[in-house]
Amino acid sequence: MTTPRLHPHTPGVAVACRCELGEEATWDARSGMLIWVDVEDPAIWRHHPETGATHHHPQPEKLGFALLTADPDTLLAGFKSGVARLHLESGRREVLVRPDDHHAGNRLNSGHVGPDGALYFSTMDEAEEKPTGTFHRWHAGRLEAFGGAVTVSNGPVVTPDGARIYTADTAEGLIRVHTWDEGRIGPPRPFAAFESGWGKPDGLTVDASGHLWVCHYGGSRITRYDPDGRIERVLPVPTALVTKCAFGGSDLTTLFITTALRGRDATIDPMAGHLFAVETDVAGRPGEIFEN
């Protein structure tokens, strides 16, 4: 068995934001800004690495993601109540879609615009107790559920060629992969399983070569998997609750990493909840723009 490569650089704090539950980082190549959310102290954050400017936009309800639209000042936001177009400065919202099977105790979690222009997103049980969540694809006014029932969801993310869709069943420690089957998303197949002591699989990101990066919630690291499910490298992160990563910067080789505070003792884990950044030798992809 080949020993996985250890990433040679340690992530440093990019923004000392102390997010309660930082999540869903997205790089906007048009503005050179990173966008992420705080789920539990509801807010959208934006950071411009070149100038160091950081903007904080509090929100009236929990949200799981904030993605790009054709208007840089308008985001596609996954609120607890459903997906909406959100104008950042005015706070104006236009509700677009809400899953028909959306349980009262559920909220929207991860979101991703695929290379096909569709919105892929997940729902989960807010109490993290019941398998009432699932995964969705929304495109051209059609909402499709796939992947079966889960308690805590992460993903979906789509490979650059659109051939694969990865999802995480966080509570069970499982990562699954879907391929297309006669024009529809096929059934889930096992891709990787977390071992004891690894934490739980949280946010997923696919780089430009189709490798999958998985954040370890409670495991202080990120793992990069090749398309066959082999571990290519491990990237240690100096805080426990690692939630999501996204590539950004002028050449898309800077990996930005969100984390969570969630009751961590500041004397033991002083960097919990901050946004981190680290240089890599891998190119990622910028956030796709939702055009619907």
# chains A, B, ... in the order shown; residues from 1 in each chain; ligands from 1
>>> residues_around(residues="stretch 27-32 of chain A", least_positions_apart="2", cutoff="8 Å", atoms="only C-alpha atoms", output="list in words")
Ala25, Leu34, Ile35, His48, Pro49, Glu50, Leu68, Pro72, Ala246, Phe247, Gly248, Gly249, Ser250, Pro286 and Gly287 of chain A
>>> residues_around(residues="A:Thr170", least_positions_apart="2", cutoff="7 Å", atoms="only C-alpha atoms", output="PDB file with all heavy atoms, in the first residue's frame")
ATOM      1  N   VAL A 152     -27.424  13.642   7.970  1.00  0.00           N
ATOM      2  CA  VAL A 152     -26.586  14.821   7.727  1.00  0.00           C
ATOM      3  C   VAL A 152     -25.954  14.653   6.355  1.00  0.00           C
ATOM      4  O   VAL A 152     -25.220  13.689   6.121  1.00  0.00           O
ATOM      5  CB  VAL A 152     -25.497  14.977   8.805  1.00  0.00           C
ATOM      6  CG1 VAL A 152     -24.637  16.207   8.516  1.00  0.00           C
ATOM      7  CG2 VAL A 152     -26.125  15.083  10.188  1.00  0.00           C
ATOM      8  N   SER A 153     -26.236  15.590   5.466  1.00  0.00           N
ATOM      9  CA  SER A 153     -25.775  15.512   4.084  1.00  0.00           C
ATOM     10  C   SER A 153     -24.642  16.494   3.843  1.00  0.00           C
ATOM     11  O   SER A 153     -24.567  17.549   4.476  1.00  0.00           O
ATOM     12  CB  SER A 153     -26.938  15.862   3.148  1.00  0.00           C
ATOM     13  OG  SER A 153     -27.422  17.176   3.462  1.00  0.00           O
ATOM     14  N   ASN A 154     -23.771  16.163   2.890  1.00  0.00           N
ATOM     15  CA  ASN A 154     -22.819  17.115   2.334  1.00  0.00           C
ATOM     16  C   ASN A 154     -22.620  16.792   0.863  1.00  0.00           C
ATOM     17  O   ASN A 154     -22.749  15.656   0.436  1.00  0.00           O
ATOM     18  CB  ASN A 154     -21.500  17.121   3.104  1.00  0.00           C
ATOM     19  CG  ASN A 154     -21.538  18.086   4.282  1.00  0.00           C
ATOM     20  OD1 ASN A 154     -21.449  19.299   4.110  1.00  0.00           O
ATOM     21  ND2 ASN A 154     -21.721  17.554   5.489  1.00  0.00           N
ATOM     22  N   ALA A 168     -21.857  13.000   0.304  1.00  0.00           N
ATOM     23  CA  ALA A 168     -21.377  12.486   1.592  1.00  0.00           C
ATOM     24  C   ALA A 168     -22.550  12.243   2.529  1.00  0.00           C
ATOM     25  O   ALA A 168     -23.394  13.131   2.718  1.00  0.00           O
ATOM     26  CB  ALA A 168     -20.397  13.459   2.234  1.00  0.00           C
ATOM     27  N   GLU A 172     -22.945   8.701   8.666  1.00  0.00           N
ATOM     28  CA  GLU A 172     -22.487   7.317   8.504  1.00  0.00           C
ATOM     29  C   GLU A 172     -21.019   7.238   8.104  1.00  0.00           C
ATOM     30  O   GLU A 172     -20.461   6.143   7.993  1.00  0.00           O
ATOM     31  CB  GLU A 172     -23.350   6.596   7.472  1.00  0.00           C
ATOM     32  CG  GLU A 172     -24.820   6.458   7.868  1.00  0.00           C
ATOM     33  CD  GLU A 172     -25.002   5.668   9.152  1.00  0.00           C
ATOM     34  OE1 GLU A 172     -24.268   4.679   9.340  1.00  0.00           O
ATOM     35  OE2 GLU A 172     -25.869   6.039   9.964  1.00  0.00           O
ATOM     36  N   GLY A 173     -20.380   8.381   7.825  1.00  0.00           N
ATOM     37  CA  GLY A 173     -18.973   8.382   7.462  1.00  0.00           C
ATOM     38  C   GLY A 173     -18.690   7.854   6.072  1.00  0.00           C
ATOM     39  O   GLY A 173     -17.605   7.323   5.817  1.00  0.00           O
ATOM     40  N   LEU A 174     -19.655   8.024   5.145  1.00  0.00           N
ATOM     41  CA  LEU A 174     -19.543   7.423   3.818  1.00  0.00           C
ATOM     42  C   LEU A 174     -19.569   8.484   2.724  1.00  0.00           C
ATOM     43  O   LEU A 174     -20.339   9.447   2.788  1.00  0.00           O
ATOM     44  CB  LEU A 174     -20.691   6.445   3.578  1.00  0.00           C
ATOM     45  CG  LEU A 174     -20.795   5.258   4.544  1.00  0.00           C
ATOM     46  CD1 LEU A 174     -22.069   4.477   4.279  1.00  0.00           C
ATOM     47  CD2 LEU A 174     -19.576   4.356   4.424  1.00  0.00           C
ATOM     48  N   LYS A 200     -15.645  13.056  10.647  1.00  0.00           N
ATOM     49  CA  LYS A 200     -16.723  12.757   9.703  1.00  0.00           C
ATOM     50  C   LYS A 200     -16.496  13.520   8.394  1.00  0.00           C
ATOM     51  O   LYS A 200     -16.000  14.638   8.401  1.00  0.00           O
ATOM     52  CB  LYS A 200     -18.071  13.163  10.294  1.00  0.00           C
ATOM     53  CG  LYS A 200     -18.472  12.387  11.534  1.00  0.00           C
ATOM     54  CD  LYS A 200     -18.796  10.933  11.220  1.00  0.00           C
ATOM     55  CE  LYS A 200     -19.335  10.196  12.430  1.00  0.00           C
ATOM     56  NZ  LYS A 200     -19.644   8.772  12.121  1.00  0.00           N
ATOM     57  N   PRO A 201     -16.893  12.918   7.254  1.00  0.00           N
ATOM     58  CA  PRO A 201     -16.740  13.628   5.984  1.00  0.00           C
ATOM     59  C   PRO A 201     -17.705  14.809   5.910  1.00  0.00           C
ATOM     60  O   PRO A 201     -18.916  14.652   6.065  1.00  0.00           O
ATOM     61  CB  PRO A 201     -17.073  12.569   4.936  1.00  0.00           C
ATOM     62  CG  PRO A 201     -17.946  11.583   5.651  1.00  0.00           C
ATOM     63  CD  PRO A 201     -17.470  11.578   7.072  1.00  0.00           C
ATOM     64  N   ASP A 202     -17.147  15.989   5.676  1.00  0.00           N
ATOM     65  CA  ASP A 202     -17.968  17.195   5.608  1.00  0.00           C
ATOM     66  C   ASP A 202     -17.930  17.728   4.173  1.00  0.00           C
ATOM     67  O   ASP A 202     -18.246  17.002   3.244  1.00  0.00           O
ATOM     68  CB  ASP A 202     -17.484  18.217   6.644  1.00  0.00           C
ATOM     69  CG  ASP A 202     -18.545  19.247   7.014  1.00  0.00           C
ATOM     70  OD1 ASP A 202     -19.303  19.673   6.133  1.00  0.00           O
ATOM     71  OD2 ASP A 202     -18.614  19.637   8.187  1.00  0.00           O
TER      72      ASP A 202
END
>>> residues_around(residues="stretch 257-265 of chain A", least_positions_apart="2", cutoff="7 Å", atoms="only C-alpha atoms", output="mmCIF file with N, CA, C and O atoms, in the first residue's frame")
data_model
loop_
_atom_site.group_PDB
_atom_site.id
_atom_site.type_symbol
_atom_site.label_atom_id
_atom_site.label_comp_id
_atom_site.auth_asym_id
_atom_site.auth_seq_id
_atom_site.Cartn_x
_atom_site.Cartn_y
_atom_site.Cartn_z
ATOM 1 N N ARG A 18 -14.135 33.741 13.237
ATOM 2 C CA ARG A 18 -14.767 32.977 14.321
ATOM 3 C C ARG A 18 -16.222 32.621 13.989
ATOM 4 O O ARG A 18 -17.152 32.901 14.749
ATOM 5 N N CYS A 19 -16.398 31.972 12.861
ATOM 6 C CA CYS A 19 -17.735 31.536 12.464
ATOM 7 C C CYS A 19 -18.198 30.386 13.362
ATOM 8 O O CYS A 19 -17.433 29.462 13.663
ATOM 9 N N GLU A 20 -19.448 30.454 13.758
ATOM 10 C CA GLU A 20 -20.020 29.361 14.534
ATOM 11 C C GLU A 20 -20.020 28.079 13.705
ATOM 12 O O GLU A 20 -19.628 27.019 14.185
ATOM 13 N N LEU A 21 -20.439 28.187 12.455
ATOM 14 C CA LEU A 21 -20.370 27.053 11.530
ATOM 15 C C LEU A 21 -20.099 27.606 10.135
ATOM 16 O O LEU A 21 -20.999 27.807 9.331
ATOM 17 N N GLY A 22 -18.820 27.897 9.861
ATOM 18 C CA GLY A 22 -18.425 28.351 8.532
ATOM 19 C C GLY A 22 -18.596 27.220 7.531
ATOM 20 O O GLY A 22 -18.296 26.066 7.826
ATOM 21 N N GLU A 23 -19.087 27.573 6.336
ATOM 22 C CA GLU A 23 -19.376 26.538 5.336
ATOM 23 C C GLU A 23 -19.356 27.131 3.925
ATOM 24 O O GLU A 23 -19.408 28.346 3.732
ATOM 25 N N ALA A 25 -17.584 27.567 0.964
ATOM 26 C CA ALA A 25 -16.739 28.564 0.311
ATOM 27 C C ALA A 25 -16.853 28.457 -1.209
ATOM 28 O O ALA A 25 -16.897 27.357 -1.771
ATOM 29 N N LEU A 241 -12.570 21.278 13.602
ATOM 30 C CA LEU A 241 -13.812 21.151 12.843
ATOM 31 C C LEU A 241 -13.644 21.782 11.469
ATOM 32 O O LEU A 241 -13.972 22.951 11.238
ATOM 33 N N VAL A 242 -13.143 21.001 10.533
ATOM 34 C CA VAL A 242 -12.873 21.458 9.170
ATOM 35 C C VAL A 242 -14.116 21.175 8.326
ATOM 36 O O VAL A 242 -14.582 20.031 8.269
ATOM 37 N N THR A 243 -14.647 22.205 7.659
ATOM 38 C CA THR A 243 -15.983 22.072 7.092
ATOM 39 C C THR A 243 -16.078 22.119 5.574
ATOM 40 O O THR A 243 -16.920 21.441 4.983
ATOM 41 N N LYS A 244 -15.262 22.951 4.918
ATOM 42 C CA LYS A 244 -15.378 23.096 3.460
ATOM 43 C C LYS A 244 -14.112 23.733 2.921
ATOM 44 O O LYS A 244 -13.455 24.514 3.616
ATOM 45 N N CYS A 245 -13.760 23.408 1.675
ATOM 46 C CA CYS A 245 -12.623 24.062 1.037
ATOM 47 C C CYS A 245 -12.980 24.415 -0.399
ATOM 48 O O CYS A 245 -13.866 23.808 -1.011
ATOM 49 N N ALA A 246 -12.292 25.440 -0.922
ATOM 50 C CA ALA A 246 -12.507 25.882 -2.294
ATOM 51 C C ALA A 246 -11.233 26.519 -2.804
ATOM 52 O O ALA A 246 -10.516 27.193 -2.061
ATOM 53 N N LEU A 255 -5.889 27.193 -1.701
ATOM 54 C CA LEU A 255 -7.019 26.483 -1.124
ATOM 55 C C LEU A 255 -7.500 27.249 0.110
ATOM 56 O O LEU A 255 -6.749 27.447 1.064
ATOM 57 N N THR A 267 -8.969 28.033 24.558
ATOM 58 C CA THR A 267 -7.626 27.777 25.105
ATOM 59 C C THR A 267 -7.014 26.512 24.506
ATOM 60 O O THR A 267 -5.797 26.352 24.509
ATOM 61 N N ILE A 268 -7.863 25.636 23.995
ATOM 62 C CA ILE A 268 -7.388 24.385 23.394
ATOM 63 C C ILE A 268 -7.330 24.499 21.868
ATOM 64 O O ILE A 268 -6.408 24.003 21.225
ATOM 65 N N ASP A 269 -8.331 25.167 21.293
ATOM 66 C CA ASP A 269 -8.472 25.269 19.841
ATOM 67 C C ASP A 269 -8.669 26.740 19.473
ATOM 68 O O ASP A 269 -9.754 27.160 19.086
ATOM 69 N N ALA A 272 -10.349 27.956 15.998
ATOM 70 C CA ALA A 272 -11.630 27.400 15.565
ATOM 71 C C ALA A 272 -12.527 28.488 14.995
ATOM 72 O O ALA A 272 -12.646 29.575 15.554
ATOM 73 N N GLY A 273 -13.155 28.186 13.866
ATOM 74 C CA GLY A 273 -14.110 29.091 13.246
ATOM 75 C C GLY A 273 -13.521 30.058 12.247
ATOM 76 O O GLY A 273 -14.256 30.782 11.569
ATOM 77 N N HIS A 274 -12.197 30.112 12.140
ATOM 78 C CA HIS A 274 -11.559 31.054 11.220
ATOM 79 C C HIS A 274 -11.549 30.505 9.786
ATOM 80 O O HIS A 274 -11.707 29.303 9.547
ATOM 81 N N LEU A 275 -11.318 31.425 8.846
ATOM 82 C CA LEU A 275 -11.068 31.052 7.459
ATOM 83 C C LEU A 275 -9.559 30.905 7.276
ATOM 84 O O LEU A 275 -8.793 31.793 7.671
ATOM 85 N N PHE A 276 -9.140 29.793 6.679
ATOM 86 C CA PHE A 276 -7.730 29.516 6.449
ATOM 87 C C PHE A 276 -7.421 29.541 4.947
ATOM 88 O O PHE A 276 -8.327 29.432 4.108
ATOM 89 N N ALA A 277 -6.130 29.657 4.637
ATOM 90 C CA ALA A 277 -5.675 29.564 3.252
ATOM 91 C C ALA A 277 -4.323 28.871 3.216
ATOM 92 O O ALA A 277 -3.516 29.008 4.142
#
>>> residues_around(residues="A:Arg5", least_positions_apart="6", cutoff="7 Å", atoms="only C-alpha atoms", output="ChimeraX atom specification")
/A:232-234
>>> write_last_selection(atoms="all heavy atoms", output="compact mmCIF listing (two decimals), in the first residue's frame")
# COMPACT_ATOMS: atom_id res chain seq x y z
N GLU A 232 -4.56 10.37 -2.22
CA GLU A 232 -3.38 10.93 -2.88
C GLU A 232 -2.54 11.76 -1.91
O GLU A 232 -1.32 11.74 -1.97
CB GLU A 232 -3.81 11.78 -4.07
CG GLU A 232 -2.67 12.33 -4.92
CD GLU A 232 -2.13 13.67 -4.43
OE1 GLU A 232 -2.87 14.40 -3.72
OE2 GLU A 232 -0.97 14.00 -4.74
N ARG A 233 -3.22 12.51 -1.01
CA ARG A 233 -2.51 13.30 -0.02
C ARG A 233 -3.42 13.63 1.15
O ARG A 233 -4.65 13.58 1.04
CB ARG A 233 -1.95 14.59 -0.61
CG ARG A 233 -2.98 15.70 -0.82
CD ARG A 233 -2.36 16.97 -1.36
NE ARG A 233 -1.86 16.77 -2.72
CZ ARG A 233 -1.24 17.71 -3.41
NH1 ARG A 233 -1.01 18.89 -2.87
NH2 ARG A 233 -0.84 17.48 -4.64
N VAL A 234 -2.78 14.01 2.25
CA VAL A 234 -3.48 14.49 3.45
C VAL A 234 -2.93 15.88 3.76
O VAL A 234 -1.72 16.10 3.75
CB VAL A 234 -3.27 13.53 4.64
CG1 VAL A 234 -3.85 14.13 5.92
CG2 VAL A 234 -3.90 12.17 4.34
>>> residues_around(residues="A:Pro188", least_positions_apart="2", cutoff="8 Å", atoms="only C-alpha atoms", output="list in words")
Gly147, Arg176, Val177, His178, Gly186 and Pro190 of chain A
>>> select_by_dssp(residues="stretch 32-197 of chain A", states="strand (DSSP E)", output="NGL selection string")
:A and (33-38 or 43-48 or 53-58 or 63-69 or 74-79 or 82-87 or 93-97 or 106-113 or 119-125 or 133-139 or 142-150 or 153-158 or 164-169 or 174-181 or 184-185 or 189-193)
>>> residues_around(residues="A:Thr205", least_positions_apart="4", cutoff="10 Å", atoms="only C-alpha atoms", output="mmCIF file with N, CA, C and O atoms, in the first residue's frame")
data_model
loop_
_atom_site.group_PDB
_atom_site.id
_atom_site.type_symbol
_atom_site.label_atom_id
_atom_site.label_comp_id
_atom_site.auth_asym_id
_atom_site.auth_seq_id
_atom_site.Cartn_x
_atom_site.Cartn_y
_atom_site.Cartn_z
ATOM 1 N N GLU A 24 -19.337 26.239 2.946
ATOM 2 C CA GLU A 24 -19.644 26.470 1.535
ATOM 3 C C GLU A 24 -18.894 27.633 0.906
ATOM 4 O O GLU A 24 -19.479 28.578 0.361
ATOM 5 N N ALA A 25 -17.584 27.567 0.964
ATOM 6 C CA ALA A 25 -16.739 28.564 0.311
ATOM 7 C C ALA A 25 -16.853 28.457 -1.209
ATOM 8 O O ALA A 25 -16.897 27.357 -1.771
ATOM 9 N N HIS A 112 -24.158 23.604 -4.876
ATOM 10 C CA HIS A 112 -23.094 23.618 -5.891
ATOM 11 C C HIS A 112 -23.745 23.805 -7.253
ATOM 12 O O HIS A 112 -24.745 23.143 -7.571
ATOM 13 N N GLY A 155 -22.278 17.824 0.065
ATOM 14 C CA GLY A 155 -22.373 17.708 -1.365
ATOM 15 C C GLY A 155 -23.819 18.004 -1.755
ATOM 16 O O GLY A 155 -24.599 18.478 -0.917
ATOM 17 N N PRO A 156 -24.134 17.755 -3.018
ATOM 18 C CA PRO A 156 -23.369 17.109 -4.069
ATOM 19 C C PRO A 156 -22.341 18.065 -4.692
ATOM 20 O O PRO A 156 -22.503 19.264 -4.672
ATOM 21 N N VAL A 157 -21.272 17.464 -5.265
ATOM 22 C CA VAL A 157 -20.363 18.189 -6.144
ATOM 23 C C VAL A 157 -20.193 17.374 -7.416
ATOM 24 O O VAL A 157 -20.273 16.143 -7.389
ATOM 25 N N VAL A 158 -19.950 18.085 -8.527
ATOM 26 C CA VAL A 158 -19.900 17.459 -9.849
ATOM 27 C C VAL A 158 -18.503 17.630 -10.424
ATOM 28 O O VAL A 158 -17.882 18.694 -10.289
ATOM 29 N N THR A 159 -17.986 16.600 -11.077
ATOM 30 C CA THR A 159 -16.666 16.680 -11.697
ATOM 31 C C THR A 159 -16.699 17.626 -12.900
ATOM 32 O O THR A 159 -17.764 17.880 -13.469
ATOM 33 N N TYR A 166 -20.504 13.433 -6.593
ATOM 34 C CA TYR A 166 -20.130 12.891 -5.283
ATOM 35 C C TYR A 166 -21.052 13.434 -4.201
ATOM 36 O O TYR A 166 -21.428 14.617 -4.215
ATOM 37 N N GLY A 210 -10.200 16.503 -11.531
ATOM 38 C CA GLY A 210 -11.227 15.535 -11.148
ATOM 39 C C GLY A 210 -10.971 14.816 -9.850
ATOM 40 O O GLY A 210 -11.709 13.892 -9.493
ATOM 41 N N HIS A 211 -9.950 15.217 -9.074
ATOM 42 C CA HIS A 211 -9.707 14.632 -7.754
ATOM 43 C C HIS A 211 -10.654 15.267 -6.726
ATOM 44 O O HIS A 211 -10.989 16.456 -6.821
ATOM 45 N N LEU A 212 -11.034 14.473 -5.761
ATOM 46 C CA LEU A 212 -11.989 14.899 -4.740
ATOM 47 C C LEU A 212 -11.274 15.254 -3.446
ATOM 48 O O LEU A 212 -10.499 14.449 -2.916
ATOM 49 N N TRP A 213 -11.546 16.454 -2.921
ATOM 50 C CA TRP A 213 -11.024 16.912 -1.634
ATOM 51 C C TRP A 213 -12.157 16.839 -0.610
ATOM 52 O O TRP A 213 -13.248 17.376 -0.840
ATOM 53 N N VAL A 214 -11.877 16.172 0.516
ATOM 54 C CA VAL A 214 -12.900 15.942 1.540
ATOM 55 C C VAL A 214 -12.423 16.510 2.876
ATOM 56 O O VAL A 214 -11.332 16.158 3.359
ATOM 57 N N CYS A 215 -13.241 17.380 3.463
ATOM 58 C CA CYS A 215 -12.913 17.959 4.768
ATOM 59 C C CYS A 215 -13.317 17.004 5.882
ATOM 60 O O CYS A 215 -14.388 16.387 5.827
ATOM 61 N N ARG A 224 -7.275 14.338 -0.089
ATOM 62 C CA ARG A 224 -7.484 14.374 -1.545
ATOM 63 C C ARG A 224 -7.502 12.939 -2.073
ATOM 64 O O ARG A 224 -6.549 12.182 -1.872
ATOM 65 N N LYS A 244 -15.262 22.951 4.918
ATOM 66 C CA LYS A 244 -15.378 23.096 3.460
ATOM 67 C C LYS A 244 -14.112 23.733 2.921
ATOM 68 O O LYS A 244 -13.455 24.514 3.616
ATOM 69 N N CYS A 245 -13.760 23.408 1.675
ATOM 70 C CA CYS A 245 -12.623 24.062 1.037
ATOM 71 C C CYS A 245 -12.980 24.415 -0.399
ATOM 72 O O CYS A 245 -13.866 23.808 -1.011
ATOM 73 N N ALA A 246 -12.292 25.440 -0.922
ATOM 74 C CA ALA A 246 -12.507 25.882 -2.294
ATOM 75 C C ALA A 246 -11.233 26.519 -2.804
ATOM 76 O O ALA A 246 -10.516 27.193 -2.061
ATOM 77 N N PHE A 247 -10.943 26.306 -4.080
ATOM 78 C CA PHE A 247 -9.767 26.903 -4.689
ATOM 79 C C PHE A 247 -10.072 28.326 -5.148
ATOM 80 O O PHE A 247 -11.170 28.632 -5.612
ATOM 81 N N GLY A 284 -7.602 24.452 -9.071
ATOM 82 C CA GLY A 284 -9.011 24.170 -8.862
ATOM 83 C C GLY A 284 -9.861 24.807 -9.944
ATOM 84 O O GLY A 284 -9.390 25.099 -11.054
ATOM 85 N N ARG A 285 -11.111 25.019 -9.604
ATOM 86 C CA ARG A 285 -12.045 25.658 -10.524
ATOM 87 C C ARG A 285 -12.756 26.789 -9.789
ATOM 88 O O ARG A 285 -13.055 26.668 -8.593
#
>>> closest_residue(among="A:Asp226, A:Glu126, A:Asp116, A:Asp207", to="A:Ala163", atoms="only C-alpha atoms")
A:Asp116
>>> closest_residue(among="A:Asp161, A:Glu89, A:Asp169, A:Glu61", to="A:Gly148", atoms="only C-alpha atoms")
A:Asp169
>>> closest_residue(among="A:His57, A:His216, A:Arg189, A:Lys62", to="A:Pro238", atoms="only C-alpha atoms")
A:His216
>>> residues_around(residues="A:Trp180", least_positions_apart="5", cutoff="10 Å", atoms="only C-alpha atoms", output="list in words")
Gly162, Ala163, Arg164, Ile165, Ile185, Gly186 and Pro187 of chain A
>>> closest_residue(among="A:Gly197, A:Gly111, A:Gly105, A:Pro160", to="A:Ala66", atoms="only C-alpha atoms")
A:Gly111
